[in-house]
Structures are given as structure tokens and as C-alpha cells.
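Participant: Structure file my_file26.cif (mmCIF, C-alpha atoms) is given on the next line.
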```cif
data_target
loop_
_atom_site.label_atom_id
_atom_site.label_comp_id
_atom_site.auth_asym_id
_atom_site.auth_seq_id
_atom_site.Cartn_x
_atom_site.Cartn_y
_atom_site.Cartn_z
CA MET I 1 -1.91 -110.93 42.71
CA ASN I 2 -1.01 -114.27 41.15
CA THR I 3 0.88 -116.23 43.80
CA THR I 4 1.17 -119.38 41.68
CA ASN I 5 4.12 -119.43 39.32
CA SER I 6 3.04 -121.45 36.30
CA ARG I 7 6.29 -120.92 34.40
CA PRO I 8 8.74 -123.85 34.58
CA ILE I 9 12.06 -123.10 36.28
CA VAL I 10 15.30 -123.78 34.39
CA LEU I 11 18.54 -123.72 36.37
CA CYS I 12 21.27 -122.24 34.17
CA LEU I 13 24.91 -122.83 35.05
CA SER I 14 26.81 -120.65 32.59
CA GLY I 15 29.34 -117.87 32.20
CA HIS I 16 28.69 -114.14 31.98
CA ASP I 17 29.32 -112.31 28.71
CA PRO I 18 29.51 -108.52 29.19
CA SER I 19 28.52 -107.92 25.56
CA GLY I 20 25.16 -109.57 26.28
CA GLY I 21 25.33 -111.76 23.20
CA ALA I 22 26.07 -115.11 24.79
CA GLY I 23 26.21 -116.68 28.24
CA LEU I 24 23.63 -116.11 30.92
CA GLN I 25 21.94 -113.18 29.19
CA ALA I 26 21.31 -115.40 26.19
CA ASP I 27 19.95 -118.09 28.51
CA ILE I 28 17.59 -115.69 30.25
CA GLU I 29 16.21 -114.15 27.07
CA ALA I 30 15.77 -117.46 25.26
CA LEU I 31 14.00 -119.01 28.24
CA LEU I 32 11.69 -116.02 28.62
CA ALA I 33 10.79 -116.50 24.97
CA GLN I 34 9.75 -120.11 25.70
CA GLY I 35 7.55 -119.06 28.61
CA CYS I 36 10.01 -120.26 31.27
CA HIS I 37 11.76 -118.66 34.22
CA ALA I 38 15.56 -118.72 34.21
CA ALA I 39 17.43 -119.23 37.48
CA PRO I 40 20.97 -118.14 36.46
CA ALA I 41 23.97 -119.28 38.49
CA VAL I 42 27.25 -117.74 37.31
CA THR I 43 30.12 -120.17 36.73
CA ALA I 44 32.65 -117.80 35.14
CA LEU I 45 33.30 -114.18 34.24
CA THR I 46 34.67 -113.34 30.81
CA VAL I 47 36.28 -110.39 29.09
CA GLN I 48 34.77 -110.46 25.63
CA ASP I 49 33.00 -108.39 23.05
CA THR I 50 31.13 -109.21 19.87
CA ARG I 51 34.41 -110.18 18.19
CA ASP I 52 36.11 -112.60 20.59
CA VAL I 53 37.02 -113.46 24.17
CA SER I 54 40.30 -112.14 25.56
CA ASP I 55 40.23 -113.52 29.11
CA PHE I 56 38.10 -115.40 31.62
CA ARG I 57 38.02 -116.29 35.29
CA VAL I 58 36.25 -119.35 36.64
CA LEU I 59 34.48 -118.63 39.91
CA ASP I 60 35.30 -120.32 43.19
CA PRO I 61 33.40 -123.65 43.04
CA ALA I 62 32.05 -123.04 46.55
CA TRP I 63 30.31 -119.88 45.31
CA VAL I 64 28.76 -121.72 42.37
CA LEU I 65 27.60 -124.52 44.65
CA ALA I 66 26.08 -121.98 47.04
CA GLN I 67 24.19 -120.30 44.18
CA ALA I 68 22.79 -123.61 42.96
CA GLU I 69 21.87 -124.79 46.46
CA ALA I 70 19.91 -121.58 47.06
CA VAL I 71 17.92 -122.17 43.87
CA ILE I 72 17.32 -125.88 44.49
CA ALA I 73 16.14 -125.27 48.06
CA ASP I 74 13.62 -122.66 46.96
CA LEU I 75 12.48 -123.31 43.40
CA PRO I 76 11.07 -126.42 41.66
CA VAL I 77 13.69 -126.93 38.96
CA ALA I 78 12.15 -128.45 35.82
CA ALA I 79 15.29 -128.54 33.64
CA ILE I 80 18.99 -127.70 33.79
CA LYS I 81 21.06 -125.96 31.14
CA LEU I 82 24.86 -126.06 31.25
CA GLY I 83 27.09 -123.62 29.40
CA MET I 84 30.65 -122.50 30.05
CA LEU I 85 32.38 -124.38 32.88
CA GLY I 86 36.01 -123.57 32.14
CA SER I 87 37.88 -125.83 34.58
CA LEU I 88 38.10 -129.38 35.84
CA GLU I 89 37.04 -128.21 39.30
CA MET I 90 33.91 -126.62 37.87
CA VAL I 91 33.04 -129.78 35.95
CA ASP I 92 33.24 -131.72 39.22
CA THR I 93 31.16 -129.12 41.07
CA VAL I 94 28.46 -129.05 38.41
CA THR I 95 28.40 -132.85 38.24
CA GLY I 96 27.60 -132.89 41.95
CA ILE I 97 24.85 -130.31 41.49
CA VAL I 98 23.25 -132.26 38.65
CA ARG I 99 23.28 -135.48 40.68
CA ARG I 100 21.14 -133.71 43.29
CA LEU I 101 18.34 -133.39 40.72
CA PRO I 102 17.79 -136.93 39.41
CA GLY I 103 15.23 -137.19 36.64
CA VAL I 104 15.43 -133.49 35.75
CA PRO I 105 16.32 -133.16 32.05
CA LEU I 106 19.82 -131.79 31.50
CA VAL I 107 20.89 -129.97 28.33
CA CYS I 108 24.66 -129.63 28.03
CA ASP I 109 26.05 -126.99 25.70
CA PRO I 110 29.78 -127.80 25.81
CA VAL I 111 31.13 -124.25 25.49
CA LEU I 112 34.81 -124.75 24.71
CA ARG I 113 35.49 -121.95 22.22
CA ALA I 114 34.02 -118.49 21.73
CA GLY I 115 32.50 -117.58 18.38
CA GLY I 116 35.70 -115.73 17.49
CA GLY I 117 37.78 -118.83 18.24
CA GLY I 118 39.15 -117.94 21.68
CA ALA I 119 39.49 -120.80 24.17
CA LEU I 120 37.10 -120.94 27.13
CA GLY I 121 38.81 -123.79 28.99
CA ARG I 122 41.82 -126.04 28.87
CA ASP I 123 41.80 -129.07 26.58
CA GLU I 124 41.30 -131.48 29.47
CA VAL I 125 37.97 -129.80 30.25
CA ALA I 126 36.51 -131.39 27.12
CA GLN I 127 37.55 -134.84 28.30
CA ALA I 128 36.07 -134.21 31.75
CA ILE I 129 32.78 -133.07 30.24
CA ARG I 130 32.69 -136.19 28.05
CA GLU I 131 33.46 -138.60 30.88
CA ARG I 132 31.55 -137.02 33.78
CA LEU I 133 28.70 -134.89 32.46
CA LEU I 134 27.59 -136.39 29.17
CA PRO I 135 26.38 -139.59 30.91
CA LEU I 136 24.02 -137.42 32.98
CA CYS I 137 22.62 -135.50 29.99
CA ARG I 138 19.30 -135.88 28.32
CA ILE I 139 20.98 -134.26 25.32
CA ALA I 140 24.24 -132.46 24.45
CA THR I 141 24.31 -129.75 21.77
CA PRO I 142 27.85 -129.27 20.42
CA ASN I 143 28.61 -127.67 17.09
CA LEU I 144 30.91 -129.69 14.88
CA PRO I 145 34.20 -128.10 16.13
CA GLU I 146 33.10 -128.78 19.72
CA ALA I 147 32.05 -132.33 18.86
CA ARG I 148 35.51 -132.94 17.41
CA LEU I 149 37.13 -131.70 20.62
CA LEU I 150 34.85 -133.85 22.77
CA ALA I 151 35.40 -136.94 20.61
CA GLU I 152 39.13 -136.28 20.16
CA LEU I 153 38.69 -136.53 16.39
CA PRO I 154 40.29 -133.36 14.95
CA GLU I 155 39.01 -133.98 11.42
CA GLY I 156 36.05 -136.21 12.25
CA SER I 157 32.71 -136.02 10.49
CA ALA I 158 29.53 -135.44 12.46
CA ASP I 159 28.69 -139.15 12.10
CA ALA I 160 32.12 -140.25 13.34
CA CYS I 161 31.97 -137.91 16.33
CA ALA I 162 28.46 -139.05 17.17
CA GLU I 163 29.48 -142.70 17.09
CA ARG I 164 32.13 -142.04 19.71
CA LEU I 165 30.14 -139.63 21.87
CA LEU I 166 27.00 -141.77 22.01
CA GLU I 167 29.02 -144.18 24.13
CA HIS I 168 28.69 -141.49 26.80
CA CYS I 169 25.37 -139.71 26.23
CA GLU I 170 21.83 -140.70 25.34
CA HIS I 171 21.13 -138.05 22.70
CA LEU I 172 23.34 -135.71 20.71
CA LEU I 173 22.50 -132.73 18.53
CA ILE I 174 25.47 -131.71 16.38
CA THR I 175 24.73 -128.36 14.83
CA GLY I 176 25.94 -127.23 11.44
CA GLY I 177 26.67 -123.82 10.02
CA HIS I 178 30.44 -123.80 10.38
CA GLY I 179 31.17 -124.71 6.76
CA ASP I 180 30.27 -122.97 3.52
CA GLU I 181 27.25 -125.08 2.60
CA THR I 182 24.12 -123.27 1.35
CA GLU I 183 21.93 -125.31 3.71
CA VAL I 184 22.66 -125.94 7.37
CA HIS I 185 22.25 -129.53 8.56
CA ASN I 186 21.59 -130.06 12.26
CA ARG I 187 21.85 -133.74 13.10
CA LEU I 188 20.05 -135.39 16.02
CA TYR I 189 21.46 -138.76 17.07
CA ALA I 190 20.16 -141.26 19.60
CA ARG I 191 22.02 -144.12 21.22
CA ASP I 192 19.37 -146.56 19.95
CA GLY I 193 20.37 -145.74 16.36
CA ASP I 194 17.61 -143.29 15.54
CA ARG I 195 18.76 -140.28 13.54
CA GLN I 196 17.03 -137.16 12.25
CA THR I 197 18.38 -134.26 10.23
CA PHE I 198 16.86 -130.80 10.49
CA THR I 199 17.74 -128.56 7.56
CA CYS I 200 17.44 -124.79 7.33
CA VAL I 201 18.54 -122.07 4.95
CA ARG I 202 22.00 -120.74 5.71
CA LEU I 203 21.90 -117.10 6.77
CA PRO I 204 24.65 -114.62 5.84
CA GLY I 205 26.93 -113.33 8.54
CA SER I 206 28.53 -114.63 11.72
CA TYR I 207 26.64 -114.86 15.00
CA HIS I 208 27.60 -114.54 18.68
CA GLY I 209 25.51 -116.58 21.13
CA SER I 210 23.63 -118.85 18.75
CA GLY I 211 24.68 -122.02 20.61
CA CYS I 212 23.61 -120.60 23.99
CA THR I 213 20.30 -119.54 22.47
CA LEU I 214 19.62 -122.99 21.03
CA ALA I 215 20.54 -124.95 24.16
CA SER I 216 18.51 -122.69 26.43
CA ALA I 217 15.47 -122.79 24.16
CA LEU I 218 15.75 -126.58 24.09
CA ALA I 219 15.98 -126.76 27.88
CA GLY I 220 12.89 -124.58 28.06
CA ARG I 221 10.93 -126.81 25.71
CA LEU I 222 11.89 -129.88 27.75
CA ALA I 223 10.92 -128.07 30.96
CA LEU I 224 7.51 -127.48 29.40
CA GLY I 225 7.17 -131.23 28.87
CA GLU I 226 7.70 -131.33 25.12
CA GLU I 227 8.96 -134.61 23.66
CA LEU I 228 12.65 -134.55 22.73
CA ALA I 229 12.54 -134.55 18.92
CA SER I 230 9.72 -132.01 18.91
CA ALA I 231 11.60 -129.86 21.43
CA VAL I 232 14.69 -129.95 19.21
CA ARG I 233 12.67 -128.79 16.21
CA SER I 234 10.99 -126.02 18.23
CA ALA I 235 14.34 -124.81 19.57
CA LEU I 236 15.98 -124.89 16.14
CA ASP I 237 13.09 -122.98 14.54
CA TYR I 238 13.18 -120.35 17.28
CA THR I 239 16.96 -119.98 17.05
CA TRP I 240 16.83 -119.59 13.26
CA ARG I 241 14.34 -116.73 13.66
CA THR I 242 16.59 -115.02 16.23
CA LEU I 243 19.45 -115.17 13.72
CA ARG I 244 17.32 -114.04 10.82
CA ASP I 245 16.37 -110.94 12.83
CA ALA I 246 19.81 -110.50 14.41
CA GLU I 247 21.32 -107.09 15.12
CA ALA I 248 24.88 -105.74 14.92
CA PRO I 249 25.28 -103.36 17.87
CA GLY I 250 29.06 -103.71 17.99
CA ARG I 251 32.00 -104.08 15.62
CA GLY I 252 31.98 -107.87 15.41
CA GLN I 253 29.43 -110.63 15.07
CA TYR I 254 25.68 -110.27 14.92
CA LEU I 255 23.72 -110.87 18.14
CA PRO I 256 20.56 -113.02 18.01
CA ARG I 257 17.37 -111.05 18.57
CA ARG I 258 15.76 -113.28 21.16
CA LEU I 259 13.21 -110.73 22.38
CA PRO I 260 10.64 -109.18 21.97
CA LEU I 261 8.28 -111.92 20.88
CA ASP I 262 7.05 -110.40 17.66
CA PHE I 263 8.73 -112.69 15.15
CA ALA I 264 6.97 -113.33 11.91
CA SER I 265 6.95 -117.06 11.27
#
```
Written as C-alpha cells, how would this file's structure read?
Facilitator:
Amino acid sequence: MNTTNSRPIVLCLSGHDPSGGAGLQADIEALLAQGCHAAPAVTALTVQDTRDVSDFRVLDPAWVLAQAEAVIADLPVAAIKLGMLGSLEMVDTVTGIVRRLPGVPLVCDPVLRAGGGGALGRDEVAQAIRERLLPLCRIATPNLPEARLLAELPEGSADACAERLLEHCEHLLITGGHGDETEVHNRLYARDGDRQTFTCVRLPGSYHGSGCTLASALAGRLALGEELASAVRSALDYTWRTLRDAEAPGRGQYLPRRLPLDFAS
């Protein structure tokens, strides 16, 4: 019996999606695909399917804190991935948890809207994430609509949003795919002025859980010790393959096929 766990541990603080397309199930599958072990702490329960979210309940912060404390006391956390928080109280709770793990890379996926457009938190949650959590992040991974909410620029370009948000975080990956362009441009910004654009072919269809998949894969690559820009590329390439091979088990969006690990490159 192998008593030494060689897989890095990633603490995931995210919501539960009963359709299995997004949330903690996406985190777990994407991290398994990177060769990591997910330690999932539930922040919220949702009522959603592959089309949209109809309701959600944020858990008692004391329960979330207890989950995280149990993981931190027992497992060597190598990275943290944040997903749906849903309330100001949860932002405060998670901020306290993150501060207990100084030096551990934090990937923040600011989940503010479901793929179908339904809200997953009040507007002030975006401001709280910007002010309290982004300064603790190694990288945040909003799509352009989320970046506009965080930056309070309703019609802002990716560059304009990045300029404002880099006042708060060290690195920012603003993902594309929400327009009608034939190529998707994913833009990586750094506070020091460095900028890289990763381009991929736009795939047909609409996808549920792509942002969770990307952020979790990125957290896994960082937990493995990969350098940031390389980790971003690895996570983007993996996510694109999960979308290329996506399935449509329900009546709404496609779900990324994160497992098994038999993708053709």
C-alpha cells in the first residue's frame, strides 16, 4: 500500500451544481485530470440545470469555516481555488480562510452569473471580491461580463477592465468566447505591464462549467509547481479539449468532458 500521497492538494471553496456541469464537480474532475487531489468545501447550494440557475442558498459561514479548518489541519494544501461565494458574509469568511494559508497560490474564479445568465450573488458581492479577495490572489479568471461587473465598467473592453482591476490583483486572465468572433482571445495581464494573448478556435455551441473547469485546471497546474504563464496555457489547452469533446446530456448547454483522460491532442 502506498502511504505517501504524491498528488498536490487543492482546497476548493465553491458551490454545488446538481446538474454536475459546474461547481465542485467540475473542480474535482478538472483537478483529477491534472494529477491533483481536490479537497472540496461547499459554500452554497444551487437549484440549476444545464439551462440556468433558478435559486441558491449560501451556507452558514460557520459550516464553511469548519469544512476548511478540517482540511487545513489534516492536508498539506498546495493551492486554493475559489468559485461561487454568493454573499458578503461568505466573502469575509473565505478571506479569513485564505489568510491562514500565506504563500499558497490562490486562483479566484469570480462566479457572479450562471451560464444561462442567472445571478449567483448580489451586486455588492462583486465589489467585495474586488476589494477583499483580489489582493490575495495569484490570479483571477473572470470572463468579460464578470470583469465588467468587477470593474464597474458595464461596456468596458478587456483592456479597460484589466487596467482597473490590476490595481487590486497581481495577475488577471480575462477569457473570451462571449462574442461572435471566429477566434477566442484569452488575455493574460500582469500588474508589471506584461501581457499575453492566447488564441483558440471558437467552438460551436454554449457550455456550462467552462469557467470552473479552467480555474480548477489552472489551480492544479500551479499546485504542481508550474510557472504562471505556462500554467495558464496548459489550463486553456485542457479546457479547450474538454469543450471540443463536450456532451449534451440535458436540454440546455453542453457539459465539458473533463474525464476520462483519453483526449486526442
Participant: Once the PyMOL selection byres ((chain I and resi 111) around 7) is applied to the coordinates I shared, what remains selected? I want it as a PyMOL selection string.
Facilitator: chain I and resi 83-84+109-110+112-113
Participant: Take the PyMOL selection byres ((chain I and resi 169-178) around 8), apply it to the structure above, and return the hits as a ChimeraX atom specification.
Facilitator: /I:134-144,147,158,162,165-168,179-181,184-191,202
Participant: For the file shown, report as a PyMOL selection string the outcome of the PyMOL selection byres ((chain I and resi 65) around 9) at residue level.
Facilitator: chain I and resi 41+60-64+66-70+93-94+96-97
Participant: Expressed in Å to a single decimal, how great is the separation between atom CA of Ser87 of chain I and atom CA of Ala128 of chain I?
Facilitator: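 Taking atom CA of Ser87 of chain I and atom CA of Ala128 of chain I, their separation equals 9.0 Å.
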Participant: Atom CA of Ser6 of chain I and atom CA of Leu106 of chain I are how many Å apart?
Facilitator: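 A separation of 20.3 Å between them.
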Participant: Could you check how far atom CA of Leu32 of chain I sits from atom CA of Leu82 of chain I, in Å to one decimal?
Facilitator: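 Going from atom CA of Leu32 of chain I over to atom CA of Leu82 of chain I, I get 16.8 Å.
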Participant: Let me make sure I understand: among I:Glu146, I:Glu29, I:Asp245, I:Glu89, which one has the smallest atom-to-atom distance to Val58 of chain I if we use only C-alpha atoms?
Facilitator: I:Glu89
Participant: Mind completing segment 128-139 of chain I with all heavy atoms? Output as a tab-separated table (two decimals), in the coordinates of the input, please?
Facilitator:
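The result, written out as rebuild.tsv:
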```
chain	number	residue	atom	x	y	z
I	128	ALA	N	36.84	-134.10	30.51
I	128	ALA	CA	36.07	-134.21	31.75
I	128	ALA	C	34.57	-134.10	31.48
I	128	ALA	O	33.77	-134.84	32.08
I	128	ALA	CB	36.53	-133.14	32.73
I	129	ILE	N	34.19	-133.19	30.60
I	129	ILE	CA	32.78	-133.07	30.24
I	129	ILE	C	32.29	-134.37	29.62
I	129	ILE	O	31.20	-134.88	29.96
I	129	ILE	CB	32.56	-131.89	29.28
I	129	ILE	CG1	32.78	-130.57	30.01
I	129	ILE	CG2	31.16	-131.93	28.66
I	129	ILE	CD1	32.75	-129.35	29.12
I	130	ARG	N	33.08	-134.93	28.71
I	130	ARG	CA	32.69	-136.19	28.05
I	130	ARG	C	32.51	-137.32	29.06
I	130	ARG	O	31.53	-138.07	29.02
I	130	ARG	CB	33.74	-136.57	27.01
I	130	ARG	CG	33.38	-137.83	26.22
I	130	ARG	CD	34.50	-138.21	25.27
I	130	ARG	NE	35.67	-138.70	25.98
I	130	ARG	CZ	36.92	-138.30	25.75
I	130	ARG	NH1	37.16	-137.37	24.82
I	130	ARG	NH2	37.93	-138.79	26.44
I	131	GLU	N	33.46	-137.45	29.98
I	131	GLU	CA	33.46	-138.60	30.88
I	131	GLU	C	32.49	-138.44	32.04
I	131	GLU	O	31.92	-139.43	32.51
I	131	GLU	CB	34.88	-138.83	31.42
I	131	GLU	CG	35.94	-139.06	30.35
I	131	GLU	CD	35.77	-140.38	29.63
I	131	GLU	OE1	35.17	-141.30	30.21
I	131	GLU	OE2	36.24	-140.48	28.47
I	132	ARG	N	32.29	-137.21	32.53
I	132	ARG	CA	31.55	-137.02	33.78
I	132	ARG	C	30.15	-136.45	33.59
I	132	ARG	O	29.24	-136.81	34.34
I	132	ARG	CB	32.35	-136.12	34.73
I	132	ARG	CG	33.74	-136.65	35.03
I	132	ARG	CD	34.57	-135.64	35.82
I	132	ARG	NE	35.99	-135.91	35.68
I	132	ARG	CZ	36.96	-135.13	36.15
I	132	ARG	NH1	36.65	-134.04	36.82
I	132	ARG	NH2	38.23	-135.44	35.97
I	133	LEU	N	29.98	-135.55	32.62
I	133	LEU	CA	28.70	-134.89	32.46
I	133	LEU	C	27.82	-135.47	31.36
I	133	LEU	O	26.60	-135.55	31.53
I	133	LEU	CB	28.91	-133.39	32.21
I	133	LEU	CG	29.17	-132.55	33.46
I	133	LEU	CD1	29.51	-131.11	33.08
I	133	LEU	CD2	27.97	-132.57	34.40
I	134	LEU	N	28.42	-135.87	30.25
I	134	LEU	CA	27.59	-136.39	29.17
I	134	LEU	C	26.74	-137.58	29.61
I	134	LEU	O	25.58	-137.71	29.18
I	134	LEU	CB	28.44	-136.76	27.95
I	134	LEU	CG	29.07	-135.60	27.17
I	134	LEU	CD1	29.59	-136.07	25.82
I	134	LEU	CD2	28.11	-134.43	26.99
I	135	PRO	N	27.24	-138.48	30.47
I	135	PRO	CA	26.38	-139.59	30.91
I	135	PRO	C	25.15	-139.15	31.69
I	135	PRO	O	24.19	-139.92	31.82
I	135	PRO	CB	27.32	-140.43	31.78
I	135	PRO	CG	28.68	-140.14	31.28
I	135	PRO	CD	28.64	-138.67	30.92
I	136	LEU	N	25.15	-137.92	32.20
I	136	LEU	CA	24.02	-137.42	32.98
I	136	LEU	C	23.04	-136.62	32.12
I	136	LEU	O	21.97	-136.23	32.59
I	136	LEU	CB	24.52	-136.54	34.12
I	136	LEU	CG	25.52	-137.18	35.09
I	136	LEU	CD1	25.99	-136.15	36.11
I	136	LEU	CD2	24.92	-138.40	35.77
I	137	CYS	N	23.40	-136.37	30.85
I	137	CYS	CA	22.62	-135.50	29.99
I	137	CYS	C	21.41	-136.20	29.38
I	137	CYS	O	21.47	-137.38	29.03
I	137	CYS	CB	23.47	-135.00	28.82
I	137	CYS	SG	24.71	-133.80	29.28
I	138	ARG	N	20.36	-135.44	29.22
I	138	ARG	CA	19.30	-135.88	28.32
I	138	ARG	C	19.77	-135.67	26.88
I	138	ARG	O	19.52	-136.49	26.00
I	138	ARG	CB	18.03	-135.07	28.59
I	138	ARG	CG	16.84	-135.46	27.71
I	138	ARG	CD	16.21	-136.75	28.13
I	138	ARG	NE	15.19	-137.19	27.22
I	138	ARG	CZ	13.94	-136.72	27.19
I	138	ARG	NH1	13.58	-135.79	28.05
I	138	ARG	NH2	13.08	-137.19	26.32
I	139	ILE	N	20.46	-134.56	26.66
I	139	ILE	CA	20.98	-134.26	25.32
I	139	ILE	C	22.14	-133.27	25.44
I	139	ILE	O	22.13	-132.40	26.31
I	139	ILE	CB	19.87	-133.69	24.41
I	139	ILE	CG1	20.37	-133.51	22.96
I	139	ILE	CG2	19.28	-132.41	24.97
I	139	ILE	CD1	19.26	-133.22	21.96
```
